[in-house]
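Trainee: Quick one: this structure, given as C-alpha cells, is what I'll be asking you about.
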Amino acid sequence: MKVAARPNDTVDLRVSRKQSGPVAAAHYAGQLQQVERPVAAMAASYPNESMSARHAHRRDQFILQTAGVTSMKTERGHFVVPPGHGLWIPAGIVHQSRAWGEAEIQTIYVTRDQVKNAPATCRLIRVSSLVEALMQEAVQMPTRYDPDGRDGRLVEFLLDEIGRMPEVSLHVRVPPDPRLAAICEAVLADPSSALTLDEWADRCHFSRRTLTRLFRRETGQSFSAWRQRVRLLEALARLGAGEAVTCVALDVGYDSPSAFAAMFKRELGTAPRQYLRWSDPEIVQR
C-alpha cells in the first residue's frame with residue numbers, strides 16, 4: 001500500500017509504516033525525506049545479521065532500539081545500540097547498520113535546526129520512559145500530521161526530550177590516519193585477537209613509541225583501552241542476539257566469564273543481563 005494514496009487515513013498509515021527488512025525500510029525512508037513536516041517517523045524490523053547498504057540521509061535521524069541490538073558503523077566510529085538506547089545521526093553522515101537478533105527500531109527523520117544544540121556528530125543516549133512513549137506516539141501519527149495540533153506539540157516535546165537525554169559511551173573512534181584505521185578495522189573484525197602493540201607496530205612499520213603516541217592522539221585512548229571497548233561492544237551485540245554470557249566472554253578474548261562480568265560491571269555499572277533488560281523487573285512489596 002502506498003502512503004501517498006490516502007494521506008489522511010491513520011489506520012492505513014500505521015500498517016504501511018511498519019517496514020520489514022533493510023530493503024523495504026530503506027525505500028520507505030527515502031520517501032519520508034520528502035514529507036513536508038518537521039518530523040517523519042516509521043517503525044522497522046530487521047532479521048538477525050541483516051545489514052543495510054552504506055547510506056546517508058538528507059535529514060537528521062534518531063533511532064530508538066526497542067528489541068535486539070543494532071551495531072552502526074560510520075566512517076569515524078563504531079556504535080552499538082542496545083534496547084532502551086537511541087542513536088542520533090546528523091544529516092549527511094554515511095552509516096551502515098547490522099542487526100544482532102531480531103531487531104526492532106522506531107526512527108524519526110528530522111528537518112535541520114529542529115533540535116536545539118543538535119550534535120554535529122553521532123551521539124548515543126540512554127532514553128527515558130517518556131521518550132519511549134513519545135516515540136511510540138510518533139510512529140502512529142499520520143505522516144502529514146497537524147503541526148499546530150496535538151501531534152505537533154508532541155513532536156516538539158519529543159525533540160526537546162531527546163536533546164536532554166544523557167550521552168552513553170558505547171562507541172569507539174576510528175582514526176582518520178589510514179595506517180591506524182587499518183589496525184582498528186582489523187581489531188573490529190576480530191576483537192579476540194591477542195596481537196600486542198609491539199606486534200602491530202612491527203606489522204605497520206612503526207616504533208612502539210610512535211604507534212602509542214599516534215593512537216592516543218587520534219582516539220583519545222591507549223590501544224589496550226580502545227581494544228577493551230571494542231570487545232565490550234562486540235559482547236553487547238552478541239548478547240543482544242541471545243548468545244550465552246559464557247560463550248561470548250570466551251569468544252571476545254576473556255579468560256573466564258567472571259573476568260568478563262567484572263569488566264562489564266566496571267564499564268557499564270551493572271551485569272550484562274540487567275543492562276540488556278533480560279531480567280524481570282523488580283517487584284516492590286508495599
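Scheme for the C-alpha cells: letters A, B, ... for chains in order shown; per-chain residue numbers from 1; ligand numbers from 1 in order shown.
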Taking a cut-off of 12 Å and counting only C-alpha atoms, can you build a table that, for each residue of region 30-123 of chain A near region 179-198 of chain A, reports the nearest atom pair and how far apart they are in Å (one decimal), sorted by chain then residue number, as a tab-separated table?
Mentor:
residue	atom	partner	partner_atom	distance
A:Ser71	CA	A:Leu188	CA	11.6
A:Lys73	CA	A:Leu188	CA	10.4
A:Thr74	CA	A:Glu185	CA	11.8
A:Glu75	CA	A:Ala181	CA	9.8
A:Arg76	CA	A:Ala181	CA	9.3
A:Gly77	CA	A:Cys184	CA	10.0
A:His78	CA	A:Leu188	CA	8.7
A:Phe79	CA	A:Leu188	CA	11.3
Trainee: Based on the backbone DSSP call, show me all residues of region 48-247 of chain A assigned strand (DSSP E or B), as a PyMOL selection string.
Mentor: chain A and resi 51+55+60-74+77-81+85-89+95-110+123-126+167+171-173
Trainee: If you count only C-alpha atoms, which residues fall within 9 Å of region 56-60 of chain A, apart from same-chain ones fewer than 4 positions away, as a PyMOL selection string?
Mentor: chain A and resi 29-30+33+88-96+108-112
Trainee: Can you spit out the residues from that selection as a PDB file, in the first residue's frame, using C-alpha atoms?
Mentor:
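part.pdb, freshly written:
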ATOM      1  CA  ALA A  29      12.957   6.075   4.484  1.00  0.00           C
ATOM      2  CA  GLY A  30      13.676   7.681   1.123  1.00  0.00           C
ATOM      3  CA  GLN A  33      12.758  12.559   3.396  1.00  0.00           C
ATOM      4  CA  TRP A  88      21.364  10.475  16.839  1.00  0.00           C
ATOM      5  CA  ILE A  89      22.818  10.575  13.304  1.00  0.00           C
ATOM      6  CA  PRO A  90      23.270  14.031  11.740  1.00  0.00           C
ATOM      7  CA  ALA A  91      22.252  14.599   8.140  1.00  0.00           C
ATOM      8  CA  GLY A  92      24.871  13.596   5.608  1.00  0.00           C
ATOM      9  CA  ILE A  93      26.740  11.116   7.840  1.00  0.00           C
ATOM     10  CA  VAL A  94      27.403   7.888   5.938  1.00  0.00           C
ATOM     11  CA  HIS A  95      26.450   4.863   8.044  1.00  0.00           C
ATOM     12  CA  GLN A  96      25.741   1.141   7.803  1.00  0.00           C
ATOM     13  CA  ILE A 108      12.317   9.696  13.122  1.00  0.00           C
ATOM     14  CA  TYR A 109      13.784  11.879  10.383  1.00  0.00           C
ATOM     15  CA  VAL A 110      14.092  15.498  11.466  1.00  0.00           C
ATOM     16  CA  THR A 111      14.490  18.588   9.302  1.00  0.00           C
ATOM     17  CA  ARG A 112      17.535  20.626  10.181  1.00  0.00           C
TER      18      ARG A 112
END
Trainee: So that I can see what lies close to region 237-246 of chain A, please list as a PyMOL selection string the residues with an atom at most 6 Å from it, counting only C-alpha atoms and leaving out residues fewer than 3 positions away in the same chain.
Mentor: chain A and resi 68-69+100-101+234+249+257
Trainee: Could you check how far CA of Val139 (chain A) sits from CA of Arg273 (chain A), in Å to one decimal?
Mentor: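 Atom-to-atom, CA of Val139 (chain A) and CA of Arg273 (chain A) are spaced 28.2 Å apart.
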Trainee: Enumerate as a PyMOL selection string all residues of region 9-211 of chain A assigned to alpha helix (DSSP H) by DSSP on the backbone, naming them with the chain letters and numbers the document uses.
Mentor: chain A and resi 10-16+22-32+129-140+150-164+178-189+197-203+208-211
Trainee: Near Tyr275 (chain A), within 12 Å and counting only C-alpha atoms, which residues show up once chain neighbours fewer than 6 positions away are dropped, as number ranges by chain?
Mentor: A: 81-85, 126, 236, 239-240, 261, 264-265, 267-269, 281
Trainee: Those residues you just picked out, can you put them in a file as a short mmCIF file (atom, residue, chain, number, x, y, z; two decimals), in the first residue's frame with N, CA, C and O atoms?
Mentor:
data_model
loop_
_atom_site.label_atom_id
_atom_site.label_comp_id
_atom_site.auth_asym_id
_atom_site.auth_seq_id
_atom_site.Cartn_x
_atom_site.Cartn_y
_atom_site.Cartn_z
N VAL A 81 23.94 -0.21 19.71
CA VAL A 81 22.71 0.37 20.24
C VAL A 81 21.86 -0.74 20.85
O VAL A 81 21.16 -1.45 20.14
N PRO A 82 21.88 -0.91 22.18
CA PRO A 82 21.04 -1.92 22.83
C PRO A 82 19.62 -1.39 23.03
O PRO A 82 19.35 -0.20 22.83
N PRO A 83 18.70 -2.26 23.46
CA PRO A 83 17.35 -1.78 23.78
C PRO A 83 17.38 -0.68 24.84
O PRO A 83 18.23 -0.68 25.72
N GLY A 84 16.45 0.25 24.71
CA GLY A 84 16.39 1.35 25.65
C GLY A 84 17.39 2.46 25.37
O GLY A 84 17.55 3.37 26.17
N HIS A 85 18.06 2.39 24.23
CA HIS A 85 19.02 3.41 23.83
C HIS A 85 18.61 3.98 22.48
O HIS A 85 17.89 3.35 21.71
N ARG A 126 20.94 7.10 26.43
CA ARG A 126 20.06 6.16 27.11
C ARG A 126 18.75 6.89 27.36
O ARG A 126 18.72 7.91 28.06
N LEU A 236 28.23 -6.91 23.73
CA LEU A 236 26.87 -6.37 23.82
C LEU A 236 26.03 -6.80 22.63
O LEU A 236 24.87 -7.20 22.77
N LEU A 239 25.37 -10.62 22.89
CA LEU A 239 24.42 -10.90 23.98
C LEU A 239 23.01 -10.50 23.56
O LEU A 239 22.04 -11.18 23.88
N GLY A 240 22.92 -9.39 22.84
CA GLY A 240 21.62 -8.95 22.35
C GLY A 240 21.00 -9.91 21.37
O GLY A 240 19.78 -9.96 21.20
N ALA A 261 32.49 -10.45 33.32
CA ALA A 261 31.41 -9.80 34.08
C ALA A 261 31.95 -8.63 34.90
O ALA A 261 31.29 -7.59 35.03
N PHE A 264 32.51 -5.77 32.54
CA PHE A 264 31.22 -5.23 32.10
C PHE A 264 30.62 -4.33 33.19
O PHE A 264 30.17 -3.21 32.91
N LYS A 265 30.65 -4.81 34.42
CA LYS A 265 30.07 -4.02 35.52
C LYS A 265 30.89 -2.76 35.77
O LYS A 265 30.34 -1.70 36.06
N GLU A 267 32.55 -1.07 33.53
CA GLU A 267 32.33 -0.13 32.43
C GLU A 267 30.91 0.43 32.41
O GLU A 267 30.71 1.62 32.12
N LEU A 268 29.91 -0.42 32.68
CA LEU A 268 28.51 -0.02 32.48
C LEU A 268 27.69 0.01 33.77
O LEU A 268 26.52 0.38 33.74
N GLY A 269 28.29 -0.43 34.88
CA GLY A 269 27.62 -0.27 36.16
C GLY A 269 26.63 -1.35 36.54
O GLY A 269 25.98 -1.26 37.58
N PRO A 281 11.53 -7.29 35.89
CA PRO A 281 11.60 -6.08 36.72
C PRO A 281 11.39 -6.43 38.18
O PRO A 281 10.66 -7.35 38.52
#
Trainee: Could you please determine the separation between CA of Ser224 (chain A) and CA of Pro176 (chain A) in Å, to one decimal place?
Mentor: 18.9 Å
Trainee: Can you tell me how far CA of Met72 (chain A) sits from CA of Asp177 (chain A), in Å to one decimal?
Mentor: 20.5 Å
Trainee: With only C-alpha atoms as the counted atoms, please give the residues lying no more than 9 Å from Leu154 (chain A), apart from itself and same-chain residues fewer than 6 positions off, as a VMD selection string.
Mentor: chain A and resid 134 137 to 138
